[in-house]
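Following: one structure in structure tokens, then a few remarks.
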Amino acid sequence: MNMVTLPVAYMPLVDAAPLIIAQEMGFAATEGIGLDLIAAPSWSSVRDMLAFGRVDAAHMLSPVPIAMGMGLGGVATELAAVSVLSVNGNVIGVGQDLEQKLRDHGYGFDFADPVAAAAALAAVRDGPITFGVPFPFSMHVELLRYWGAATDLGADGIVIRTVPPPLMATALAAGEVDAFCVGEPWGSVSVENGAGALLLPGRAIWEFAPEKVLATRRDWAETEPDLLGRLMRATWQAGRWLARDESRTTAAEILSRKIYLDLPPELIDRALTGHITISSRGEQRQVDGFVRFHRGAATFPWRSQAKWIASRLRLTHGPGNGRSLEDLAQAFRSDLYRDHLDIAGNDLPGASEKLEGSIRHATAVASAQGSLSLMPDRFFDGQIFDPGADN
């Protein structure tokens with residue numbers, strides 16, 4: 001097997017771990033590849049590096065390949081989401097001003113109830129709340145809009161402003177945004193810096209939201225099947241390693257290195273364990289499954305999730321270039337996933353779509369090896385998205 005080095009772009013976030021661990025723990029080398037991991041300053045930089053051929057693959061926000069397929073954002077390259085890198089892992093937080101108003105109102109910061117959190121925010125706000133998010137086409141935005149529209153906040157009660165994740169704590173402290181939704185560890189950095197408090201984990205809104213994907217250009221995925229397979233298997237093995245409790249300390253230390261996140265491992269460990277410090281008062285909350293890298297077919301790119309994302313993007317941005325949901329969903333390459341990850345230890349689901357939001361507890365489903373259970377994927381308002389309906 002010839003050793004090949006692949007340039008890969010990423011943002012410094014905990015959920016870049018499968019790529020970082022694949023390189024550092026030797027899973028990439030086992031597949032005969034090296035990963036030249038290139039940290040980007042913003043998500044637009046990640047997108048452009050991939051779209052214009054600076055890198056072969058990227059750690060990518062799950063809605064971006066679909067948004068680009070709709071003609072949104074001004075970059076027309078067709079991207080392929082070949083696997084999911086992480087499920088959940090975001091936090092919603094507020095700045096000092098809103099934190100104090102919520103405390104004066106008697107809100108207890110339970111870090112669990114999105115309906116109560118929205119009602120408390122609605123009661124203390126002076127007008128629409130400006131939320132910092134990492135990118136206009138992101139799960140952060142879709143979770144916020146979904147939450148706002150179904151609660152006392154209202155669809156018009158949330159204003160979106162783009163702030164790169166590493167700058168979120170600074171923007172919050174400077175009053176440029178009132179609140180935020182961001183991937184860890186940047187919410188915890190805001191807490192450590194005394195800039196604000198954490199209100200909810202993203203999974204409180206959707207229990208199994210595909211957060212980041214492994215993305216490539218569509219033409220590269222189809223013309224370089226050998227390299228793609230090696231890359232997908234390396235990241236899958238890294239995700240399985242990350243899912244083990246005994247791996248977390250080592251993972252936090254690796255991610256904390258200056259070349260990656262350049263933060264104390266203790267901050268990174270919070271996301272990996274789900275033991276979250278939510279305020280500068282030291283209040284702590286436990287969130288099981290705060291971020292997932294493996295269990296419950298976490299890495300499978302469900303076409304139904306792609307359709308949910310496309311339907312949400314349409315609500316905000318209109319039909320775009322008019323492509324159907326069925327067509328747009330092809331950006332989530334469950335076909336390539338099956339081709340390259342039908343390996344020992346990876347039980348593939350029998351279907352490529354499911355009713356999103358319908359699973360209330362771990363549920364066994366038809367699969368290649370007959371041993372696969374899917375994790376709860378409930379939307380907080382109990383809605384179910386049917387990918388076969390006329391959405």
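Chains: A, B, ... in order of the structure tokens. Residues: from 1 per chain. Ligands: from 1, in order shown.
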Query raised in the report: Could you write out, as JSON, numbers by chain, all the residues of range 17-254 of chain A that DSSP marks as strand (DSSP E)?
Result: {"A": [33, 34, 35, 36, 37, 38, 39, 57, 58, 59, 60, 61, 79, 80, 81, 82, 83, 84, 85, 86, 87, 88, 90, 91, 92, 93, 94, 95, 129, 130, 131, 132, 133, 158, 159, 160, 161, 162, 179, 180, 181, 182, 183, 196, 197, 198, 199, 200, 201, 210, 211, 212, 213, 214, 215, 216, 217]}
Quick one: residues within 12 Å of Ser256 in chain A, only C-alpha atoms counted, chain neighbours fewer than 4 positions away excluded, as a short mmCIF file (atom, residue, chain, number, x, y, z; two decimals) with all heavy atoms, in the first residue's frame?
```cif
data_model
loop_
_atom_site.label_atom_id
_atom_site.label_comp_id
_atom_site.auth_asym_id
_atom_site.auth_seq_id
_atom_site.Cartn_x
_atom_site.Cartn_y
_atom_site.Cartn_z
N PRO A 12 -10.92 24.44 14.68
CA PRO A 12 -10.49 23.97 15.99
C PRO A 12 -11.67 23.82 16.95
O PRO A 12 -12.06 24.75 17.66
CB PRO A 12 -9.51 25.06 16.45
CG PRO A 12 -9.90 26.29 15.68
CD PRO A 12 -10.45 25.81 14.38
N LEU A 13 -12.26 22.64 16.92
CA LEU A 13 -13.42 22.30 17.74
C LEU A 13 -13.26 20.88 18.26
O LEU A 13 -12.57 20.06 17.65
CB LEU A 13 -14.71 22.38 16.92
CG LEU A 13 -15.17 23.77 16.48
CD1 LEU A 13 -16.05 23.68 15.25
CD2 LEU A 13 -15.93 24.43 17.63
N VAL A 14 -13.93 20.55 19.34
CA VAL A 14 -13.88 19.20 19.88
C VAL A 14 -14.35 18.19 18.83
O VAL A 14 -13.81 17.08 18.73
CB VAL A 14 -14.74 19.09 21.16
CG1 VAL A 14 -14.91 17.64 21.58
CG2 VAL A 14 -14.11 19.90 22.30
N ALA A 16 -13.84 18.05 15.77
CA ALA A 16 -12.83 17.69 14.76
C ALA A 16 -12.03 16.47 15.22
O ALA A 16 -11.14 16.00 14.49
CB ALA A 16 -11.89 18.86 14.50
N ALA A 17 -12.34 15.96 16.39
CA ALA A 17 -11.56 14.88 17.00
C ALA A 17 -11.37 13.66 16.11
O ALA A 17 -10.26 13.11 16.08
CB ALA A 17 -12.19 14.47 18.33
N ILE A 20 -8.38 14.39 13.90
CA ILE A 20 -7.14 14.57 14.67
C ILE A 20 -6.68 13.24 15.26
O ILE A 20 -5.49 12.88 15.19
CB ILE A 20 -7.37 15.63 15.77
CG1 ILE A 20 -7.63 17.01 15.13
CG2 ILE A 20 -6.17 15.69 16.72
CD1 ILE A 20 -8.12 18.06 16.10
N ILE A 21 -7.62 12.50 15.81
CA ILE A 21 -7.28 11.20 16.41
C ILE A 21 -6.87 10.19 15.35
O ILE A 21 -5.96 9.37 15.57
CB ILE A 21 -8.46 10.67 17.25
CG1 ILE A 21 -8.69 11.58 18.46
CG2 ILE A 21 -8.24 9.23 17.67
CD1 ILE A 21 -7.52 11.71 19.41
N PRO A 185 -15.07 23.61 22.27
CA PRO A 185 -15.06 24.10 23.66
C PRO A 185 -15.33 25.59 23.80
O PRO A 185 -15.08 26.17 24.86
CB PRO A 185 -13.63 23.79 24.10
CG PRO A 185 -12.84 24.09 22.86
CD PRO A 185 -13.70 23.60 21.70
N THR A 249 -9.43 10.82 28.40
CA THR A 249 -8.31 11.60 28.93
C THR A 249 -7.24 11.81 27.87
O THR A 249 -6.74 12.93 27.67
CB THR A 249 -7.71 10.91 30.17
OG1 THR A 249 -8.71 10.80 31.18
CG2 THR A 249 -6.54 11.71 30.71
N THR A 250 -6.90 10.73 27.18
CA THR A 250 -5.90 10.83 26.11
C THR A 250 -6.39 11.74 24.99
O THR A 250 -5.64 12.57 24.47
CB THR A 250 -5.58 9.44 25.55
OG1 THR A 250 -5.09 8.61 26.61
CG2 THR A 250 -4.54 9.52 24.44
N ALA A 251 -7.66 11.61 24.63
CA ALA A 251 -8.23 12.44 23.56
C ALA A 251 -8.15 13.92 23.92
O ALA A 251 -7.76 14.76 23.10
CB ALA A 251 -9.67 12.04 23.28
N ALA A 252 -8.52 14.26 25.16
CA ALA A 252 -8.48 15.66 25.59
C ALA A 252 -7.06 16.21 25.54
O ALA A 252 -6.83 17.36 25.14
CB ALA A 252 -9.06 15.79 27.00
N TYR A 260 -3.46 22.12 17.61
CA TYR A 260 -4.87 21.83 17.39
C TYR A 260 -5.75 22.89 18.06
O TYR A 260 -5.97 23.95 17.51
CB TYR A 260 -5.19 20.41 17.85
CG TYR A 260 -4.45 19.36 17.04
CD1 TYR A 260 -3.68 18.38 17.68
CD2 TYR A 260 -4.49 19.36 15.65
CE1 TYR A 260 -2.98 17.43 16.93
CE2 TYR A 260 -3.80 18.41 14.90
CZ TYR A 260 -3.05 17.46 15.54
OH TYR A 260 -2.36 16.53 14.81
N LEU A 261 -6.25 22.64 19.28
CA LEU A 261 -7.16 23.61 19.90
C LEU A 261 -6.43 24.63 20.78
O LEU A 261 -6.96 25.70 21.04
CB LEU A 261 -8.24 22.89 20.72
CG LEU A 261 -9.50 22.48 19.93
CD1 LEU A 261 -9.16 21.49 18.83
CD2 LEU A 261 -10.56 21.92 20.86
N ASP A 262 -5.25 24.26 21.29
CA ASP A 262 -4.43 25.18 22.10
C ASP A 262 -5.22 25.70 23.30
O ASP A 262 -5.26 26.90 23.57
CB ASP A 262 -3.91 26.34 21.23
CG ASP A 262 -2.81 27.13 21.93
OD1 ASP A 262 -2.18 26.59 22.86
OD2 ASP A 262 -2.61 28.30 21.55
N LEU A 263 -5.85 24.78 24.01
CA LEU A 263 -6.62 25.11 25.21
C LEU A 263 -6.33 24.05 26.28
O LEU A 263 -5.90 22.95 25.96
CB LEU A 263 -8.12 25.13 24.92
CG LEU A 263 -8.64 26.28 24.06
CD1 LEU A 263 -10.06 25.99 23.62
CD2 LEU A 263 -8.57 27.60 24.83
N PRO A 264 -6.60 24.36 27.55
CA PRO A 264 -6.36 23.36 28.59
C PRO A 264 -7.20 22.10 28.36
O PRO A 264 -8.38 22.20 27.98
CB PRO A 264 -6.79 24.08 29.88
CG PRO A 264 -6.67 25.53 29.57
CD PRO A 264 -7.02 25.66 28.12
N PRO A 265 -6.63 20.91 28.57
CA PRO A 265 -7.40 19.68 28.36
C PRO A 265 -8.65 19.59 29.23
O PRO A 265 -9.62 18.95 28.85
CB PRO A 265 -6.39 18.56 28.70
CG PRO A 265 -5.27 19.23 29.42
CD PRO A 265 -5.24 20.64 28.95
N GLU A 266 -8.64 20.27 30.38
CA GLU A 266 -9.80 20.24 31.26
C GLU A 266 -11.04 20.84 30.57
O GLU A 266 -12.16 20.37 30.77
CB GLU A 266 -9.52 21.02 32.56
CG GLU A 266 -8.46 20.39 33.45
CD GLU A 266 -7.03 20.64 32.96
OE1 GLU A 266 -6.84 21.52 32.09
OE2 GLU A 266 -6.12 19.93 33.43
N LEU A 267 -10.83 21.88 29.76
CA LEU A 267 -11.95 22.49 29.04
C LEU A 267 -12.50 21.54 27.99
O LEU A 267 -13.71 21.45 27.78
CB LEU A 267 -11.50 23.79 28.37
CG LEU A 267 -11.43 25.06 29.20
CD1 LEU A 267 -11.05 26.25 28.32
CD2 LEU A 267 -12.75 25.32 29.89
N ILE A 268 -11.61 20.84 27.32
CA ILE A 268 -12.01 19.92 26.25
C ILE A 268 -12.71 18.70 26.83
O ILE A 268 -13.68 18.18 26.27
CB ILE A 268 -10.77 19.53 25.44
CG1 ILE A 268 -10.21 20.77 24.74
CG2 ILE A 268 -11.08 18.42 24.44
CD1 ILE A 268 -8.81 20.64 24.23
N ASP A 269 -12.24 18.27 28.00
CA ASP A 269 -12.80 17.08 28.65
C ASP A 269 -14.28 17.25 28.99
O ASP A 269 -15.03 16.28 29.05
CB ASP A 269 -12.00 16.79 29.92
CG ASP A 269 -12.37 15.46 30.54
OD1 ASP A 269 -12.19 14.43 29.86
OD2 ASP A 269 -12.85 15.44 31.68
#
```
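The two atoms in question, CA of Gln369 in chain A and CA of Val82 in chain A, are spaced 21.3 Å apart.
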Report task. Would you mind listing what lies within 9 Å of range 108-113 of chain A as a list in words, with only C-alpha atoms counted and same-chain residues fewer than 3 positions away left out? Result -> Leu102, Arg103, Ala116, Ala117, Ala118, Ala197, Leu198, Leu199, Leu200, Pro201, Ala204, Ile205, Ile278, Arg285, Gln286, Val287 and Phe380 of chain A
**Report entry** Who sits within 12 Å of Ala344 in chain A, only C-alpha atoms, same chain under 2 positions skipped, as JSON, numbers by chain
**Finding:** {"A": [233, 236, 237, 340, 341, 342, 346, 347, 348, 368, 369]}
Query raised in the report: What does the distance between CA of Ala310 in chain A and CA of Gly157 in chain A come to in Å, to one decimal place?
Result: 22.4 Å
Report summary line: Min atom-atom distance to Pro114 in chain A from the set A:Pro134, A:Pro319, A:Gly71, A:Gly202, counting only C-alpha atoms, belongs to A:Gly202
Query raised in the report: Looking at A:Pro166, A:Gly345, A:Gly53, A:Gly382, which one is nearest to Met11 in chain A, with distances taken over only C-alpha atoms?
Result: A:Pro166
Go through range 7-93 of chain A residue by residue and, counting only C-alpha atoms, keep those with an atom at most 9 Å from range 238-244 of chain A; for each kept residue give the shortest atom pair and its distance in Å to one decimal, ordered by chain and increasing number, as a tab-separated table.
```
residue	atom	partner	partner_atom	distance
A:Ala17	CA	A:Gly239	CA	7.9
A:Pro18	CA	A:Ala238	CA	5.1
A:Leu19	CA	A:Ala238	CA	7.4
A:Ile20	CA	A:Ala238	CA	8.5
A:Ile21	CA	A:Ala238	CA	5.7
A:Ala22	CA	A:Ala238	CA	5.1
A:Gln23	CA	A:Ala238	CA	8.8
A:Met25	CA	A:Ala238	CA	7.9
A:Gly26	CA	A:Ala238	CA	9.0
A:Phe27	CA	A:Ala238	CA	6.5
A:Ala28	CA	A:Ala238	CA	8.8
A:Leu85	CA	A:Gly239	CA	7.6
A:Ser86	CA	A:Gly239	CA	8.4
```
Export of the given selection (C-alpha atoms) as a short mmCIF file (atom, residue, chain, number, x, y, z; two decimals), in the first residue's frame:
```
data_model
loop_
_atom_site.label_atom_id
_atom_site.label_comp_id
_atom_site.auth_asym_id
_atom_site.auth_seq_id
_atom_site.Cartn_x
_atom_site.Cartn_y
_atom_site.Cartn_z
CA ALA A 17 -11.56 14.88 17.00
CA PRO A 18 -12.11 11.97 14.56
CA LEU A 19 -9.71 13.54 12.06
CA ILE A 20 -7.14 14.57 14.67
CA ILE A 21 -7.28 11.20 16.41
CA ALA A 22 -7.11 9.33 13.09
CA GLN A 23 -3.77 11.02 12.46
CA MET A 25 -3.37 7.50 17.05
CA GLY A 26 -2.26 5.80 13.84
CA PHE A 27 -5.63 4.91 12.30
CA ALA A 28 -4.71 6.88 9.18
CA LEU A 85 -18.15 12.97 12.00
CA SER A 86 -20.16 13.99 15.06
#
```
**Report entry** Shortest interatomic distance to Ala169 in chain A - which of A:Ala389, A:Ala51, A:Met68, A:Cys181, counting only C-alpha atoms
**Finding:**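 Checking each candidate against Ala169 in chain A, we get A:Cys181 as the closest.
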Report task. Grab the CA of Met70 in chain A to CA of Asp339 in chain A distance for me, in Å with one decimal place. Result -> 26.1 Å
